[in-house]
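Colleague: Please find target-v1.pdb (PDB, C-alpha atoms) on the next line:
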ATOM      1  CA  MET A 735       0.000   0.000   0.000  1.00  0.00           C
ATOM      2  CA  THR A 736       1.171   3.520  -0.804  1.00  0.00           C
ATOM      3  CA  SER A 737       1.580   5.941   2.051  1.00  0.00           C
ATOM      4  CA  ASP A 738       3.005   9.414   2.499  1.00  0.00           C
ATOM      5  CA  SER A 739       3.742  10.804   5.948  1.00  0.00           C
ATOM      6  CA  THR A 740       4.101  14.090   7.739  1.00  0.00           C
ATOM      7  CA  VAL A 741       7.682  15.378   7.735  1.00  0.00           C
ATOM      8  CA  PRO A 742       9.095  17.149  10.819  1.00  0.00           C
ATOM      9  CA  GLY A 743      10.278  20.681  10.236  1.00  0.00           C
ATOM     10  CA  ASP A 744       8.123  21.431   7.198  1.00  0.00           C
ATOM     11  CA  SER A 745       6.971  25.050   7.211  1.00  0.00           C
ATOM     12  CA  VAL A 746       3.869  24.128   5.203  1.00  0.00           C
ATOM     13  CA  ASP A 747       1.211  21.475   5.594  1.00  0.00           C
ATOM     14  CA  PRO A 748       2.341  18.536   3.429  1.00  0.00           C
ATOM     15  CA  PHE A 749      -1.293  17.554   2.872  1.00  0.00           C
ATOM     16  CA  ARG A 750      -2.498  20.769   1.272  1.00  0.00           C
ATOM     17  CA  ASN A 751      -3.432  20.555  -2.395  1.00  0.00           C
ATOM     18  CA  GLU A 752      -0.973  23.198  -3.532  1.00  0.00           C
ATOM     19  CA  ARG A 753       2.569  22.146  -4.321  1.00  0.00           C
ATOM     20  CA  THR A 754       5.337  22.575  -1.749  1.00  0.00           C
ATOM     21  CA  VAL A 755       9.113  22.623  -1.951  1.00  0.00           C
ATOM     22  CA  ARG A 756       9.122  18.871  -1.312  1.00  0.00           C
ATOM     23  CA  ASP A 757       7.084  18.346  -4.484  1.00  0.00           C
ATOM     24  CA  GLU A 758       9.710  20.136  -6.546  1.00  0.00           C
ATOM     25  CA  ALA A 759      12.358  17.563  -5.630  1.00  0.00           C
ATOM     26  CA  PRO A 760      12.583  14.228  -7.508  1.00  0.00           C
ATOM     27  CA  GLN A 761      10.136  11.806  -5.903  1.00  0.00           C
ATOM     28  CA  PHE A 762      11.222   8.440  -4.516  1.00  0.00           C
ATOM     29  CA  VAL A 763       9.519   5.617  -2.663  1.00  0.00           C
ATOM     30  CA  LEU A 764      10.815   3.124  -0.093  1.00  0.00           C
ATOM     31  CA  PRO A 765       9.728  -0.377  -1.162  1.00  0.00           C
ATOM     32  CA  LEU A 766       8.860  -3.009   1.415  1.00  0.00           C
ATOM     33  CA  VAL A 767       7.889  -6.567   0.508  1.00  0.00           C
ATOM     34  CA  VAL A 768       6.154  -8.852   2.991  1.00  0.00           C
ATOM     35  CA  ARG A 769       6.334 -12.600   2.492  1.00  0.00           C
ATOM     36  CA  ILE A 770       2.854 -14.118   2.506  1.00  0.00           C
ATOM     37  CA  GLU A 771       2.840 -17.808   1.654  1.00  0.00           C
ATOM     38  CA  ARG A 772      -0.587 -19.372   1.078  1.00  0.00           C
ATOM     39  CA  ASP A 773      -0.186 -21.999   3.762  1.00  0.00           C
ATOM     40  CA  ALA A 774       1.748 -19.908   6.301  1.00  0.00           C
ATOM     41  CA  PRO A 775       0.772 -16.225   6.365  1.00  0.00           C
ATOM     42  CA  PRO A 776       2.359 -14.147   9.129  1.00  0.00           C
ATOM     43  CA  ALA A 777       0.374 -12.816  12.053  1.00  0.00           C
ATOM     44  CA  ARG A 778      -0.855  -9.287  11.448  1.00  0.00           C
ATOM     45  CA  THR A 779       0.702  -7.606  14.495  1.00  0.00           C
ATOM     46  CA  ASP A 780       4.031  -9.341  13.910  1.00  0.00           C
ATOM     47  CA  ALA A 781       4.012  -8.116  10.290  1.00  0.00           C
ATOM     48  CA  LEU A 782       3.324  -4.551  11.443  1.00  0.00           C
ATOM     49  CA  GLU A 783       6.135  -4.654  13.987  1.00  0.00           C
ATOM     50  CA  THR A 784       8.552  -6.273  11.547  1.00  0.00           C
ATOM     51  CA  ALA A 785       7.842  -3.594   8.926  1.00  0.00           C
ATOM     52  CA  ALA A 786       8.587  -0.860  11.457  1.00  0.00           C
ATOM     53  CA  ARG A 787      11.864  -2.535  12.405  1.00  0.00           C
ATOM     54  CA  ALA A 788      12.741  -2.934   8.722  1.00  0.00           C
ATOM     55  CA  VAL A 789      12.455   0.828   8.203  1.00  0.00           C
ATOM     56  CA  LEU A 790      14.636   1.490  11.238  1.00  0.00           C
ATOM     57  CA  THR A 791      17.149  -1.083  10.042  1.00  0.00           C
ATOM     58  CA  ILE A 792      17.687   0.560   6.672  1.00  0.00           C
ATOM     59  CA  LEU A 793      17.768   4.051   8.187  1.00  0.00           C
ATOM     60  CA  SER A 794      20.636   2.966  10.444  1.00  0.00           C
ATOM     61  CA  ASP A 795      22.479   0.696   7.996  1.00  0.00           C
ATOM     62  CA  GLU A 796      26.039   1.782   7.200  1.00  0.00           C
ATOM     63  CA  ARG A 797      25.203   1.655   3.489  1.00  0.00           C
ATOM     64  CA  ALA A 798      22.460   4.246   4.003  1.00  0.00           C
ATOM     65  CA  VAL A 799      24.475   6.936   5.795  1.00  0.00           C
ATOM     66  CA  GLY A 800      27.619   8.976   5.224  1.00  0.00           C
ATOM     67  CA  ASP A 801      29.351   7.822   2.063  1.00  0.00           C
ATOM     68  CA  GLY A 802      27.525   4.498   1.908  1.00  0.00           C
ATOM     69  CA  GLU A 803      26.343   3.105  -1.414  1.00  0.00           C
ATOM     70  CA  TRP A 804      22.694   3.863  -0.605  1.00  0.00           C
ATOM     71  CA  ALA A 805      23.289   7.176   1.153  1.00  0.00           C
ATOM     72  CA  GLU A 806      22.598   9.496  -1.772  1.00  0.00           C
ATOM     73  CA  VAL A 807      19.282   7.943  -2.707  1.00  0.00           C
ATOM     74  CA  MET A 808      18.282   7.797   0.977  1.00  0.00           C
ATOM     75  CA  ARG A 809      18.923  11.528   1.245  1.00  0.00           C
ATOM     76  CA  ASP A 810      17.024  12.225  -1.972  1.00  0.00           C
ATOM     77  CA  TRP A 811      14.081  10.201  -0.707  1.00  0.00           C
ATOM     78  CA  GLN A 812      13.987  12.049   2.612  1.00  0.00           C
ATOM     79  CA  ASP A 813      14.280  15.443   0.887  1.00  0.00           C
ATOM     80  CA  ALA A 814      11.030  14.784  -0.999  1.00  0.00           C
ATOM     81  CA  ARG A 815       7.734  13.454   0.307  1.00  0.00           C
ATOM     82  CA  ILE A 816       8.254  10.395   2.484  1.00  0.00           C
ATOM     83  CA  ARG A 817       6.567   7.599   0.577  1.00  0.00           C
ATOM     84  CA  LYS A 818       6.495   3.883   1.353  1.00  0.00           C
ATOM     85  CA  VAL A 819       4.845   1.107  -0.644  1.00  0.00           C
ATOM     86  CA  VAL A 820       4.218  -2.381   0.720  1.00  0.00           C
ATOM     87  CA  ARG A 821       3.823  -5.297  -1.712  1.00  0.00           C
ATOM     88  CA  ARG A 822       3.437  -9.011  -1.108  1.00  0.00           C
ATOM     89  CA  ALA A 823       5.373 -11.971  -2.456  1.00  0.00           C
ATOM     90  CA  ARG A 824       5.520 -15.743  -2.114  1.00  0.00           C
ATOM     91  CA  GLY A 825       7.473 -18.623  -3.564  1.00  0.00           C
ATOM     92  CA  ALA A 826       9.558 -17.684  -6.587  1.00  0.00           C
ATOM     93  CA  GLU A 827       8.443 -14.051  -6.295  1.00  0.00           C
ATOM     94  CA  TRP A 828       9.986 -13.855  -2.834  1.00  0.00           C
ATOM     95  CA  ARG A 829      13.189 -15.513  -3.996  1.00  0.00           C
ATOM     96  CA  ARG A 830      13.539 -12.981  -6.821  1.00  0.00           C
ATOM     97  CA  ALA A 831      12.945 -10.127  -4.380  1.00  0.00           C
ATOM     98  CA  GLU A 832      15.584 -11.516  -2.033  1.00  0.00           C
ATOM     99  CA  ALA A 833      18.107 -11.475  -4.882  1.00  0.00           C
ATOM    100  CA  LEU A 834      17.819  -7.679  -5.171  1.00  0.00           C
ATOM    101  CA  PRO A 835      19.877  -5.355  -2.931  1.00  0.00           C
ATOM    102  CA  GLY A 836      18.049  -4.882   0.340  1.00  0.00           C
ATOM    103  CA  ILE A 837      17.660  -6.127   3.902  1.00  0.00           C
ATOM    104  CA  THR A 838      15.372  -8.885   5.165  1.00  0.00           C
ATOM    105  CA  VAL A 839      14.080  -8.428   8.697  1.00  0.00           C
ATOM    106  CA  THR A 840      12.485 -11.418  10.424  1.00  0.00           C
ATOM    107  CA  GLY A 841       9.930 -11.352  13.216  1.00  0.00           C
ATOM    108  CA  LYS A 842       8.256 -14.225  15.031  1.00  0.00           C
ATOM    109  CA  SER A 843       6.326 -15.291  11.942  1.00  0.00           C
ATOM    110  CA  ALA A 844       6.851 -12.412   9.494  1.00  0.00           C
ATOM    111  CA  GLU A 845       9.561 -11.692   6.945  1.00  0.00           C
ATOM    112  CA  VAL A 846       9.796  -8.209   5.463  1.00  0.00           C
ATOM    113  CA  ARG A 847      12.437  -7.125   2.976  1.00  0.00           C
ATOM    114  CA  VAL A 848      13.181  -3.414   2.675  1.00  0.00           C
ATOM    115  CA  PHE A 849      14.972  -1.957  -0.339  1.00  0.00           C
ATOM    116  CA  PRO A 850      16.811   1.308  -1.005  1.00  0.00           C
ATOM    117  CA  PRO A 851      14.411   3.970  -2.338  1.00  0.00           C
ATOM    118  CA  VAL A 852      13.552   3.869  -6.037  1.00  0.00           C
ATOM    119  CA  PRO A 853      12.125   6.578  -8.319  1.00  0.00           C
ATOM    120  CA  LEU A 854       8.352   6.802  -8.093  1.00  0.00           C
ATOM    121  CA  ASP A 855       8.028   5.570 -11.668  1.00  0.00           C
ATOM    122  CA  GLY A 856      11.257   3.523 -11.838  1.00  0.00           C
ATOM    123  CA  TRP A 857      10.661   0.300  -9.918  1.00  0.00           C
ATOM    124  CA  PRO A 858      12.830  -2.759 -10.669  1.00  0.00           C
ATOM    125  CA  LYS A 859      10.703  -5.181 -12.689  1.00  0.00           C
ATOM    126  CA  ASP A 860      10.864  -7.940 -10.074  1.00  0.00           C
ATOM    127  CA  LEU A 861       9.311  -5.556  -7.540  1.00  0.00           C
ATOM    128  CA  ALA A 862       6.972  -3.718  -9.909  1.00  0.00           C
ATOM    129  CA  ARG A 863       5.199  -6.971 -10.811  1.00  0.00           C
ATOM    130  CA  LEU A 864       4.350  -7.766  -7.182  1.00  0.00           C
ATOM    131  CA  GLN A 865       0.803  -7.199  -5.974  1.00  0.00           C
ATOM    132  CA  VAL A 866      -0.104  -4.363  -3.624  1.00  0.00           C
ATOM    133  CA  SER A 867      -3.506  -5.822  -2.780  1.00  0.00           C
ATOM    134  CA  GLY A 868      -4.051  -9.017  -0.844  1.00  0.00           C
ATOM    135  CA  THR A 869      -2.137  -8.070   2.287  1.00  0.00           C
ATOM    136  CA  ASP A 870      -5.049  -8.708   4.649  1.00  0.00           C
ATOM    137  CA  LEU A 871      -3.726 -10.588   7.683  1.00  0.00           C
ATOM    138  CA  ASP A 872      -5.128 -11.682  11.020  1.00  0.00           C
ATOM    139  CA  ASP A 873      -3.806 -12.339  14.488  1.00  0.00           C
ATOM    140  CA  PRO A 874      -4.444 -15.955  15.574  1.00  0.00           C
ATOM    141  CA  GLU A 875      -4.965 -14.622  19.095  1.00  0.00           C
ATOM    142  CA  PRO A 876      -5.074 -11.135  20.604  1.00  0.00           C
ATOM    143  CA  PRO A 877      -1.588  -9.669  21.148  1.00  0.00           C
ATOM    144  CA  ALA A 878      -0.357  -9.380  24.705  1.00  0.00           C
ATOM    145  CA  ASP A 879      -0.157  -6.026  26.432  1.00  0.00           C
ATOM    146  CA  ALA A 880       2.663  -3.839  25.157  1.00  0.00           C
ATOM    147  CA  ASP A 881       5.866  -3.581  27.164  1.00  0.00           C
ATOM    148  CA  PRO A 882       5.672  -0.102  28.741  1.00  0.00           C
ATOM    149  CA  THR A 883       9.471   0.146  28.914  1.00  0.00           C
ATOM    150  CA  ALA A 884       9.845  -0.186  25.117  1.00  0.00           C
ATOM    151  CA  PRO A 885       8.562   1.987  22.256  1.00  0.00           C
ATOM    152  CA  VAL A 886       4.912   1.504  21.333  1.00  0.00           C
ATOM    153  CA  LEU A 887       3.403   2.510  18.003  1.00  0.00           C
ATOM    154  CA  TRP A 888      -0.224   3.259  18.781  1.00  0.00           C
ATOM    155  CA  LEU A 889      -2.783   2.858  15.986  1.00  0.00           C
ATOM    156  CA  ASN A 890      -5.869   5.020  15.562  1.00  0.00           C
ATOM    157  CA  PRO A 891      -8.804   2.914  16.818  1.00  0.00           C
ATOM    158  CA  ASP A 892     -11.239   4.666  14.464  1.00  0.00           C
ATOM    159  CA  LEU A 893      -9.510   3.680  11.217  1.00  0.00           C
ATOM    160  CA  ASP A 894      -9.922   0.442   9.293  1.00  0.00           C
ATOM    161  CA  MET A 895      -6.806  -0.123   7.171  1.00  0.00           C
ATOM    162  CA  SER A 896      -5.449  -3.182   5.377  1.00  0.00           C
ATOM    163  CA  ALA A 897      -2.345  -4.800   6.830  1.00  0.00           C
ATOM    164  CA  GLY A 898      -0.254  -3.426   3.960  1.00  0.00           C
ATOM    165  CA  LYS A 899      -1.447   0.115   4.515  1.00  0.00           C
ATOM    166  CA  THR A 900      -0.896  -0.212   8.254  1.00  0.00           C
ATOM    167  CA  MET A 901       2.622  -1.579   7.710  1.00  0.00           C
ATOM    168  CA  ALA A 902       3.481   1.589   5.803  1.00  0.00           C
ATOM    169  CA  GLN A 903       2.021   3.673   8.625  1.00  0.00           C
ATOM    170  CA  THR A 904       4.000   1.892  11.333  1.00  0.00           C
ATOM    171  CA  GLY A 905       7.104   2.414   9.204  1.00  0.00           C
ATOM    172  CA  HIS A 906       6.326   6.130   9.161  1.00  0.00           C
ATOM    173  CA  GLY A 907       5.828   6.162  12.931  1.00  0.00           C
ATOM    174  CA  ALA A 908       9.155   4.464  13.552  1.00  0.00           C
ATOM    175  CA  GLN A 909      10.910   6.864  11.180  1.00  0.00           C
ATOM    176  CA  LEU A 910       9.467   9.976  12.806  1.00  0.00           C
ATOM    177  CA  ALA A 911      10.638   8.773  16.215  1.00  0.00           C
ATOM    178  CA  TRP A 912      14.093   7.956  14.807  1.00  0.00           C
ATOM    179  CA  TRP A 913      14.455  11.519  13.520  1.00  0.00           C
ATOM    180  CA  GLU A 914      13.645  12.973  16.930  1.00  0.00           C
ATOM    181  CA  LEU A 915      16.099  10.857  18.918  1.00  0.00           C
ATOM    182  CA  SER A 916      19.638  11.895  19.769  1.00  0.00           C
ATOM    183  CA  ASP A 917      22.591   9.924  18.398  1.00  0.00           C
ATOM    184  CA  GLU A 918      23.018   8.198  21.766  1.00  0.00           C
ATOM    185  CA  GLU A 919      19.345   7.246  21.907  1.00  0.00           C
ATOM    186  CA  ARG A 920      19.464   5.916  18.346  1.00  0.00           C
ATOM    187  CA  THR A 921      22.544   3.829  19.133  1.00  0.00           C
ATOM    188  CA  ALA A 922      20.924   2.346  22.228  1.00  0.00           C
ATOM    189  CA  TRP A 923      17.760   1.441  20.301  1.00  0.00           C
ATOM    190  CA  ARG A 924      19.726  -0.131  17.460  1.00  0.00           C
ATOM    191  CA  GLN A 925      22.014  -2.126  19.762  1.00  0.00           C
ATOM    192  CA  ALA A 926      18.951  -3.472  21.580  1.00  0.00           C
ATOM    193  CA  GLY A 927      17.578  -4.795  18.268  1.00  0.00           C
ATOM    194  CA  PHE A 928      14.907  -2.113  17.828  1.00  0.00           C
ATOM    195  CA  PRO A 929      12.406  -3.454  20.378  1.00  0.00           C
ATOM    196  CA  LEU A 930       8.908  -2.087  19.763  1.00  0.00           C
ATOM    197  CA  SER A 931       5.251  -3.001  19.869  1.00  0.00           C
ATOM    198  CA  VAL A 932       2.309  -2.068  17.659  1.00  0.00           C
ATOM    199  CA  ARG A 933      -1.057  -1.880  19.398  1.00  0.00           C
ATOM    200  CA  THR A 934      -4.426  -0.233  18.776  1.00  0.00           C
ATOM    201  CA  ALA A 935      -5.059   2.543  21.264  1.00  0.00           C
ATOM    202  CA  ASP A 936      -8.116   2.765  23.443  1.00  0.00           C
ATOM    203  CA  PRO A 937     -10.282   5.653  22.108  1.00  0.00           C
ATOM    204  CA  ALA A 938      -9.787   7.798  25.193  1.00  0.00           C
ATOM    205  CA  ARG A 939      -6.067   7.095  25.198  1.00  0.00           C
ATOM    206  CA  TRP A 940      -5.868   7.981  21.498  1.00  0.00           C
ATOM    207  CA  THR A 941      -7.242  11.450  22.168  1.00  0.00           C
ATOM    208  CA  GLU A 942      -4.582  11.944  24.829  1.00  0.00           C
ATOM    209  CA  LEU A 943      -1.801  10.628  22.588  1.00  0.00           C
ATOM    210  CA  THR A 944      -2.604  12.893  19.646  1.00  0.00           C
ATOM    211  CA  SER A 945      -2.185  15.972  21.826  1.00  0.00           C
ATOM    212  CA  SER A 946       0.891  14.725  23.698  1.00  0.00           C
ATOM    213  CA  GLY A 947       3.576  16.126  21.385  1.00  0.00           C
ATOM    214  CA  LEU A 948       4.838  12.625  20.550  1.00  0.00           C
ATOM    215  CA  PRO A 949       5.558  11.816  16.863  1.00  0.00           C
ATOM    216  CA  LEU A 950       2.245  11.759  14.999  1.00  0.00           C
ATOM    217  CA  VAL A 951       1.751  10.316  11.503  1.00  0.00           C
ATOM    218  CA  LYS A 952      -0.809  11.934   9.230  1.00  0.00           C
ATOM    219  CA  ASP A 953      -1.551  10.291   5.924  1.00  0.00           C
ATOM    220  CA  ALA A 954      -1.645  12.031   2.561  1.00  0.00           C
ATOM    221  CA  GLY A 955      -4.795  10.152   1.658  1.00  0.00           C
ATOM    222  CA  PHE A 956      -3.622   8.495  -1.558  1.00  0.00           C
ATOM    223  CA  THR A 957      -5.287   5.195  -0.595  1.00  0.00           C
ATOM    224  CA  GLU A 958      -7.918   3.839   1.803  1.00  0.00           C
ATOM    225  CA  ILE A 959      -8.303   6.798   4.179  1.00  0.00           C
ATOM    226  CA  ALA A 960      -9.026  10.525   4.016  1.00  0.00           C
ATOM    227  CA  PRO A 961      -6.175  13.029   3.567  1.00  0.00           C
ATOM    228  CA  GLY A 962      -4.781  14.270   6.860  1.00  0.00           C
ATOM    229  CA  SER A 963      -6.011  11.283   8.874  1.00  0.00           C
ATOM    230  CA  ALA A 964      -3.947  10.704  12.020  1.00  0.00           C
ATOM    231  CA  THR A 965      -2.855   7.075  11.912  1.00  0.00           C
ATOM    232  CA  VAL A 966      -0.010   6.392  14.373  1.00  0.00           C
ATOM    233  CA  VAL A 967       1.500   7.955  17.481  1.00  0.00           C
ATOM    234  CA  THR A 968       4.925   6.663  18.513  1.00  0.00           C
ATOM    235  CA  GLU A 969       5.462   6.575  22.265  1.00  0.00           C
ATOM    236  CA  HIS A 970       9.208   6.099  22.645  1.00  0.00           C
ATOM    237  CA  PRO A 971      10.382   6.169  26.290  1.00  0.00           C
ATOM    238  CA  ALA A 972      13.108   8.733  25.524  1.00  0.00           C
ATOM    239  CA  LEU A 973      10.583  11.077  23.907  1.00  0.00           C
ATOM    240  CA  ARG A 974       8.028  10.474  26.638  1.00  0.00           C
ATOM    241  CA  ARG A 975      10.549  11.582  29.260  1.00  0.00           C
ATOM    242  CA  ARG A 976      11.109  14.865  27.425  1.00  0.00           C
ATOM    243  CA  GLY A 977       7.445  15.652  27.709  1.00  0.00           C
TER
END
Is it possible to give me this structure as structure tokens?
Modeller:
Amino acid sequence: MTSDSTVPGDSVDPFRNERTVRDEAPQFVLPLVVRIERDAPPARTDALETAARAVLTILSDERAVGDGEWAEVMRDWQDARIRKVVRRARGAEWRRAEALPGITVTGKSAEVRVFPPVPLDGWPKDLARLQVSGTDLDDPEPPADADPTAPVLWLNPDLDMSAGKTMAQTGHGAQLAWWELSDEERTAWRQAGFPLSVRTADPARWTELTSSGLPLVKDAGFTEIAPGSATVVTEHPALRRRG
């Protein structure tokens, strides 16, 4: 699913109809591919959490920073609108995706491969042919309560999004938190293996979260939901303490 998030520091609303400086830059998208085999689909919550960790993993990878081989395109992507697209693959499709440069992140049952950003209209053929639809997933049993000592990505309880769309949103939430952390806080999170949980907020709690000053994702409204919809609040302990 395609998704475009709020960007910290913008002087204009990125969801207004008129063009902004970010629209003048070349547009890129961060591809994510989730493995969904017919006989062994991943649990929904695990897929959401694995997608968020995949985004953090590529943001912190040595190839994506400094003079790394992916650094230039990562900078170009982050200078434009922050877009992510989640597609699904199985069998030979997944094996072809794994052969392309990228990083596979594994959860309890989910596998998500994240790739360096590509031009909006310049996808590699082995990724372009993958389906965007069909990412509906379920949890076999309700997820346990989130660990309050680790980051939690809280979902809007009033929105009904496909798993693919929600994976893009949790990726946005993780990225916004990453941008707000200090270098020391980023290092600690990375060395711990990027622990995090994704949970749906209680309605009353959601109202509190959206006014808390914590990183808040608002969607551009390209697919599934209305423009400007608040989708995720990331409650990272380091950011919570600042409040």
Colleague: At a cut-off of 9 Å, using only C-alpha atoms, what residues contact Leu943 in chain A? Leave out same-chain residues fewer than 6 positions from it and give the result as a PDB file with C-alpha atoms, keeping the file's coordinate frame.
Modeller:
ATOM      1  CA  TRP A 888      -0.224   3.259  18.781  1.00  0.00           C
ATOM      2  CA  ALA A 935      -5.059   2.543  21.264  1.00  0.00           C
ATOM      3  CA  LEU A 950       2.245  11.759  14.999  1.00  0.00           C
ATOM      4  CA  VAL A 967       1.500   7.955  17.481  1.00  0.00           C
ATOM      5  CA  THR A 968       4.925   6.663  18.513  1.00  0.00           C
ATOM      6  CA  GLU A 969       5.462   6.575  22.265  1.00  0.00           C
TER       7      GLU A 969
END
Colleague: Evaluate the PyMOL selection byres ((chain A and resi 910) around 12) and record the selected residues as a VMD selection string, following the chain and residue labels used in the document.
Modeller: chain A and resid 739 to 743 786 789 to 790 793 812 816 887 903 to 909 911 to 915 948 to 952 966 to 970 973
Colleague: Take CA of Ala788 in chain A and CA of Ile837 in chain A and report the distance between them in Å, one decimal.
Modeller: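 CA of Ala788 in chain A sits 7.6 Å away from CA of Ile837 in chain A.
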Colleague: Find the residue from A:Thr921, A:Thr883, A:Asn890, A:Ala954 that sits nearest to Arg974 in chain A; use only C-alpha atoms when measuring.
Modeller: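 Comparing A:Thr921, A:Thr883, A:Asn890, A:Ala954 against Arg974 in chain A, the winner is A:Thr883.
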Colleague: Quick one: distance from CA of Gln865 in chain A to CA of Val767 in chain A in Å, one decimal?
Modeller: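 Spanning CA of Gln865 in chain A to CA of Val767 in chain A is a straight-line distance of 9.6 Å.
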